[in-house]
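Participant: I'm passing along input_26.cif; it holds mmCIF, C-alpha atoms.
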```cif
data_my_file
#
loop_
_atom_site.label_atom_id
_atom_site.label_comp_id
_atom_site.auth_asym_id
_atom_site.auth_seq_id
_atom_site.Cartn_x
_atom_site.Cartn_y
_atom_site.Cartn_z
CA MET A 585 115.28 50.16 67.12
CA LEU A 586 112.81 49.21 69.85
CA ARG A 587 115.16 50.56 72.53
CA LEU A 588 115.41 53.86 70.65
CA ILE A 589 111.62 54.21 70.49
CA ILE A 590 111.29 53.43 74.20
CA ALA A 591 114.03 55.95 75.07
CA VAL A 592 112.38 58.68 72.99
CA GLY A 593 109.01 57.97 74.65
CA ILE A 594 110.51 58.16 78.13
CA PHE A 595 112.27 61.41 77.22
CA PHE A 596 109.07 63.13 76.06
CA PHE A 597 107.15 61.82 79.08
CA TYR A 598 109.84 63.18 81.40
CA CYS A 599 109.85 66.56 79.67
CA ASP A 600 106.07 66.80 79.89
CA ALA A 601 106.11 65.85 83.59
CA GLN A 602 108.84 68.38 84.31
CA GLU A 603 106.92 71.13 82.52
CA THR A 604 103.77 70.34 84.48
CA PHE A 605 105.67 70.21 87.77
CA PHE A 606 107.58 73.43 87.33
CA ASP A 607 104.68 75.30 85.77
CA GLY A 608 102.26 74.41 88.58
CA ARG A 609 99.61 76.74 87.18
CA THR A 610 96.27 76.88 88.99
CA THR A 611 93.08 78.38 87.61
CA ILE A 612 90.35 79.87 89.80
CA GLU A 613 87.01 80.45 88.12
CA LEU A 614 84.91 83.25 89.65
CA HIS A 615 81.11 83.36 89.55
CA HIS A 616 78.56 85.87 90.89
CA LEU A 617 75.60 84.60 92.83
CA LEU A 618 73.27 87.36 91.67
CA TYR A 619 70.29 85.44 90.35
CA PRO A 620 68.07 82.78 91.92
CA THR A 621 68.45 80.74 88.73
CA GLY A 622 72.18 80.19 89.26
CA PRO A 623 75.66 81.74 89.15
CA THR A 624 77.03 83.83 86.30
CA LEU A 625 80.66 84.09 85.23
CA ARG A 626 82.65 87.03 86.60
CA GLY A 627 86.17 86.07 85.51
CA ASN A 628 89.24 83.90 86.07
CA ILE A 629 92.37 84.06 88.19
CA SER A 630 95.51 82.34 86.98
CA LEU A 631 98.12 81.49 89.63
CA SER A 632 101.62 80.59 88.50
CA GLY A 633 103.92 78.25 90.38
CA ASP A 634 105.93 81.17 91.80
CA GLY A 635 102.84 82.76 93.36
CA HIS A 636 102.09 85.45 90.77
CA ALA A 637 98.42 86.05 89.96
CA ARG A 638 96.66 87.38 86.90
CA ILE A 639 92.94 88.15 86.69
CA THR A 640 90.63 88.60 83.72
CA GLN A 641 87.04 89.71 84.25
CA GLU A 642 83.85 89.80 82.20
CA GLN A 643 82.01 93.01 81.44
CA LEU A 644 78.92 93.46 83.61
CA SER A 645 75.62 93.37 81.80
CA GLU A 646 72.84 95.83 82.54
CA GLU A 647 70.93 93.03 84.30
CA ASP A 648 73.98 92.24 86.48
CA ARG A 649 74.28 95.87 87.50
CA GLN A 650 70.63 96.12 88.37
CA GLN A 651 70.87 92.97 90.48
CA LEU A 652 73.75 94.54 92.44
CA VAL A 653 71.67 97.65 93.03
CA ASP A 654 68.74 95.55 94.23
CA LEU A 655 71.02 93.68 96.66
CA ALA A 656 72.37 96.97 98.01
CA LYS A 657 68.92 98.45 98.51
CA ARG A 658 67.93 95.35 100.50
CA ASP A 659 71.16 95.61 102.55
CA ALA A 660 72.02 92.11 101.33
CA PHE A 661 75.35 90.44 100.67
CA TYR A 662 77.12 90.02 97.36
CA THR A 663 78.47 86.45 97.21
CA LEU A 664 81.33 85.26 95.05
CA ARG A 665 81.97 81.60 94.29
CA ALA A 666 85.52 80.48 93.48
CA THR A 667 86.09 77.12 91.80
CA VAL A 668 89.70 75.99 92.07
CA GLY A 669 90.80 73.65 89.32
CA GLY A 670 94.05 71.67 89.22
CA SER A 671 95.85 69.12 87.15
CA SER A 672 94.33 66.27 89.16
CA GLY A 673 91.55 65.64 91.64
CA ASP A 674 88.10 67.15 92.09
CA PRO A 675 87.68 70.94 91.98
CA VAL A 676 87.55 72.84 95.26
CA ILE A 677 84.67 75.31 95.69
CA LEU A 678 85.08 78.31 98.01
CA TYR A 679 82.79 81.23 98.87
CA THR A 680 83.30 84.79 100.05
CA SER A 681 80.74 87.53 100.71
CA THR A 682 80.61 91.25 101.38
CA LYS A 683 77.91 93.90 101.64
CA ALA A 684 76.63 94.86 98.19
CA CYS A 685 76.18 98.50 99.24
CA LEU A 686 79.90 98.69 100.14
CA LEU A 687 80.83 97.54 96.66
CA LEU A 688 78.53 100.05 94.99
CA LYS A 689 79.55 102.99 97.20
CA ASN A 690 83.19 102.24 96.32
CA PHE A 691 82.49 101.81 92.59
CA LEU A 692 83.26 98.06 92.60
CA LEU A 693 86.85 98.46 93.81
CA ASP A 694 87.83 95.26 95.59
CA ASN A 695 90.75 93.02 96.47
CA LEU A 696 90.80 89.24 96.50
CA TRP A 697 93.15 87.52 98.95
CA VAL A 698 94.04 83.98 97.91
CA SER A 699 95.44 81.78 100.70
CA LEU A 700 97.80 78.91 99.89
CA ASP A 701 99.00 76.09 102.11
CA HIS A 702 102.64 75.05 102.42
CA LEU A 703 102.26 72.86 99.31
CA GLY A 704 100.95 75.74 97.19
CA SER A 705 97.33 74.54 97.08
CA VAL A 706 94.51 77.08 97.36
CA ILE A 707 92.74 76.76 100.72
CA GLY A 708 90.80 80.02 100.92
CA ILE A 709 89.70 83.21 99.16
CA HIS A 710 88.54 86.42 100.80
CA GLN A 711 87.04 89.53 99.21
CA VAL A 712 87.79 92.95 100.71
CA VAL A 713 86.37 96.26 99.51
CA ALA A 714 89.26 98.52 98.53
CA GLY A 715 87.58 101.93 98.97
CA SER A 716 86.84 103.93 102.12
CA GLN A 717 83.15 104.70 101.58
CA THR A 718 80.68 103.16 104.03
CA CYS A 719 77.01 102.19 103.88
CA THR A 720 75.03 105.06 105.40
CA ASN A 721 71.40 106.11 105.26
CA ASP A 722 72.24 109.53 103.87
CA GLY A 723 69.46 109.53 101.31
CA GLU A 724 71.83 108.97 98.39
CA GLU A 725 70.08 107.01 95.66
CA LEU A 726 71.95 103.91 94.53
CA ASN A 727 71.72 103.20 90.83
CA SER A 728 73.54 101.29 88.11
CA GLU A 729 75.95 104.19 87.53
CA PHE A 730 77.83 103.00 90.62
CA ALA A 731 78.34 99.57 89.03
CA SER A 732 80.25 100.09 85.81
CA GLU A 733 82.82 97.29 86.14
CA PHE A 734 84.95 95.55 88.75
CA THR A 735 88.47 96.82 89.36
CA THR A 736 90.12 94.03 91.29
CA GLY A 737 93.53 93.42 92.82
CA VAL A 738 94.66 89.89 93.62
CA PHE A 739 97.04 89.14 96.47
CA VAL A 740 98.49 85.74 97.32
CA LYS A 741 99.11 84.81 100.96
CA HIS A 742 101.35 81.84 101.72
CA SER A 743 100.94 79.83 104.92
CA GLU A 744 103.86 80.02 107.32
CA LEU A 745 105.13 76.85 108.91
CA ALA A 746 105.25 76.91 112.69
CA PRO A 747 108.64 76.32 114.31
CA ILE A 748 109.33 72.64 115.00
CA PRO A 749 110.44 71.90 118.59
CA ASP A 750 113.89 70.37 118.94
CA THR A 751 112.74 67.32 120.87
CA ALA A 752 115.95 65.38 120.22
CA SER A 753 118.11 67.98 121.99
CA PHE A 754 115.64 68.17 124.89
CA ILE A 755 115.68 64.39 125.37
CA GLN A 756 119.48 64.36 125.26
CA LYS A 757 119.55 67.08 127.92
CA LEU A 758 117.26 65.05 130.19
CA GLU A 759 119.43 61.97 129.69
CA ARG A 760 122.58 63.90 130.63
CA GLU A 761 120.92 65.28 133.77
CA ARG A 762 119.70 61.80 134.77
CA GLU A 763 123.16 60.29 134.30
CA ALA A 764 124.73 63.12 136.28
CA ARG A 765 122.30 62.55 139.18
CA GLU A 766 123.06 58.83 139.16
CA ARG A 767 126.77 59.59 139.41
CA GLY A 768 126.11 62.07 142.21
CA GLU A 769 127.47 65.01 140.27
CA VAL A 770 124.28 67.03 140.65
CA LYS A 771 123.00 67.92 144.10
CA ASP A 772 119.31 68.28 144.77
CA ASN A 773 118.98 71.68 146.46
CA ARG A 774 115.22 71.62 146.67
CA GLY A 775 113.41 72.14 149.97
CA PHE A 776 111.80 69.38 152.03
CA PHE A 777 108.28 69.95 150.67
CA ALA A 778 109.51 70.29 147.07
CA LYS A 779 111.24 66.92 147.37
CA TYR A 780 108.50 64.94 149.12
CA TRP A 781 105.23 66.71 148.14
CA MET A 782 104.02 63.62 146.28
CA TYR A 783 104.04 61.72 149.59
CA ILE A 784 102.71 64.51 151.82
CA VAL A 785 99.72 65.53 149.72
CA PRO A 786 98.02 62.07 149.64
CA VAL A 787 98.30 61.78 153.44
CA VAL A 788 96.69 65.20 153.93
CA ILE A 789 93.88 64.31 151.51
CA LEU A 790 93.23 61.02 153.34
CA LEU A 791 93.06 62.84 156.69
CA LEU A 792 90.57 65.36 155.29
CA LEU A 793 88.42 62.63 153.77
CA SER A 794 88.39 60.56 156.95
CA GLY A 795 87.32 63.62 158.97
CA ALA A 796 84.56 64.41 156.53
CA THR A 797 83.15 60.84 156.50
CA ASN A 798 83.17 60.49 160.34
CA PRO A 799 82.20 63.89 161.79
CA GLU A 800 80.84 62.42 165.08
CA ALA A 801 84.16 60.81 165.90
CA ALA A 802 85.95 64.02 165.10
CA ALA A 803 83.58 66.01 167.37
CA ALA A 804 84.06 63.50 170.21
CA GLY A 805 87.77 63.77 169.88
CA ARG A 806 87.59 67.54 170.23
CA ARG A 807 85.63 67.15 173.53
#
```
Give the structure from this file in structure tokens form.
Facilitator:
Amino acid sequence: MLRLIIAVGIFFFYCDAQETFFDGRTTIELHHLLYPTGPTLRGNISLSGDGHARITQEQLSEEDRQQLVDLAKRDAFYTLRATVGGSSGDPVILYTSTKACLLLKNFLLDNLWVSLDHLGSVIGIHQVVAGSQTCTNDGEELNSEFASEFTTGVFVKHSELAPIPDTASFIQKLEREREARERGEVKDNRGFFAKYWMYIVPVVILLLLSGATNPEAAAAGRR
């Protein structure tokens, strides 16, 4: 009976671990930094283990919209804080900023690029304005009508592993060339200087140094 209970416990533990491993869901909490008193919630991004992203966002209040307008009129930056939570470990906090006037001129159309390392962990987030309008001093009055709500696309960028050099094959090649030289199968067709430069160069340097340290003797020799 005891063995049966232990086996059932191990089975459920294994199933739970497998579900957590294969699910691999990561949540990113997004906050505006609009007020001096502290951040306010903008929304959440949910990343699945296969790299798909889903975003939910809060409706902007009238105060939030007015704060965005004030930032744009001061030509200031809109800053977004991303808090990455996981199944274990401390949360990771990331920041990204863009001009507030760009967001307003493009009616809060933006894209968020989420960068992952080779293990699937979030290592960066970057906000890009999706529209084509620019900040210009054309006399157009910015107001809260520009800031109805955020329309955001989320894109996931995976890190690419650099190619690993094949050092084993290179070492084997050097060993084969060394053995061939020892057996005399490979002839050294290099020129005289290419063969013996390591002996010639020190002698030339010594001659130059000796001439520089004893200029009177060198002048007498030229007479």
Participant: Env of range 637-645 of chain A: 9 Å cut, atoms = only C-alpha atoms, seq-sep filter 2 positions within chain, self excluded. Answer as a list in words.
Facilitator: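 The residues that qualify are Leu614, Leu625, Arg626, Gly627, Asn628, Ile629, Ser630, Leu631, Ser632, Gly635, Glu647, Asp648, Arg649, Gln650, Ala731, Ser732, Glu733, Phe734, Thr735, Thr736, Gly737, Val738, Phe739 and Val740 of chain A.
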Participant: Specify as a PyMOL selection string each residue included when the PyMOL selection byres ((chain A and resi 708) around 10) is applied to this file.
Facilitator: chain A and resi 666+668+676-680+697-701+705-707+709-710+741
Participant: What is the CA of Ala656 in chain A-CA of Leu726 in chain A distance in Å, reported with one decimal?
Facilitator: 7.8 Å
Participant: Could you jot down the CA of Cys719 in chain A to CA of Lys689 in chain A separation for me, Å, one decimal place?
Facilitator: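 Separating CA of Cys719 in chain A from CA of Lys689 in chain A is a distance of 7.2 Å.
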Participant: With all atoms listed in the file as the basis for distance, which of A:Ile755, A:Ile789, A:Leu664, A:Leu703 is at the shortest distance from Gly633 in chain A?
Facilitator: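 Among the listed residues, the smallest separation from Gly633 in chain A belongs to A:Leu703.
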Participant: Distance CA of His636 in chain A-CA of Glu613 in chain A, one decimal place?
Facilitator: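 CA of Glu613 in chain A lies 16.1 Å from CA of His636 in chain A.
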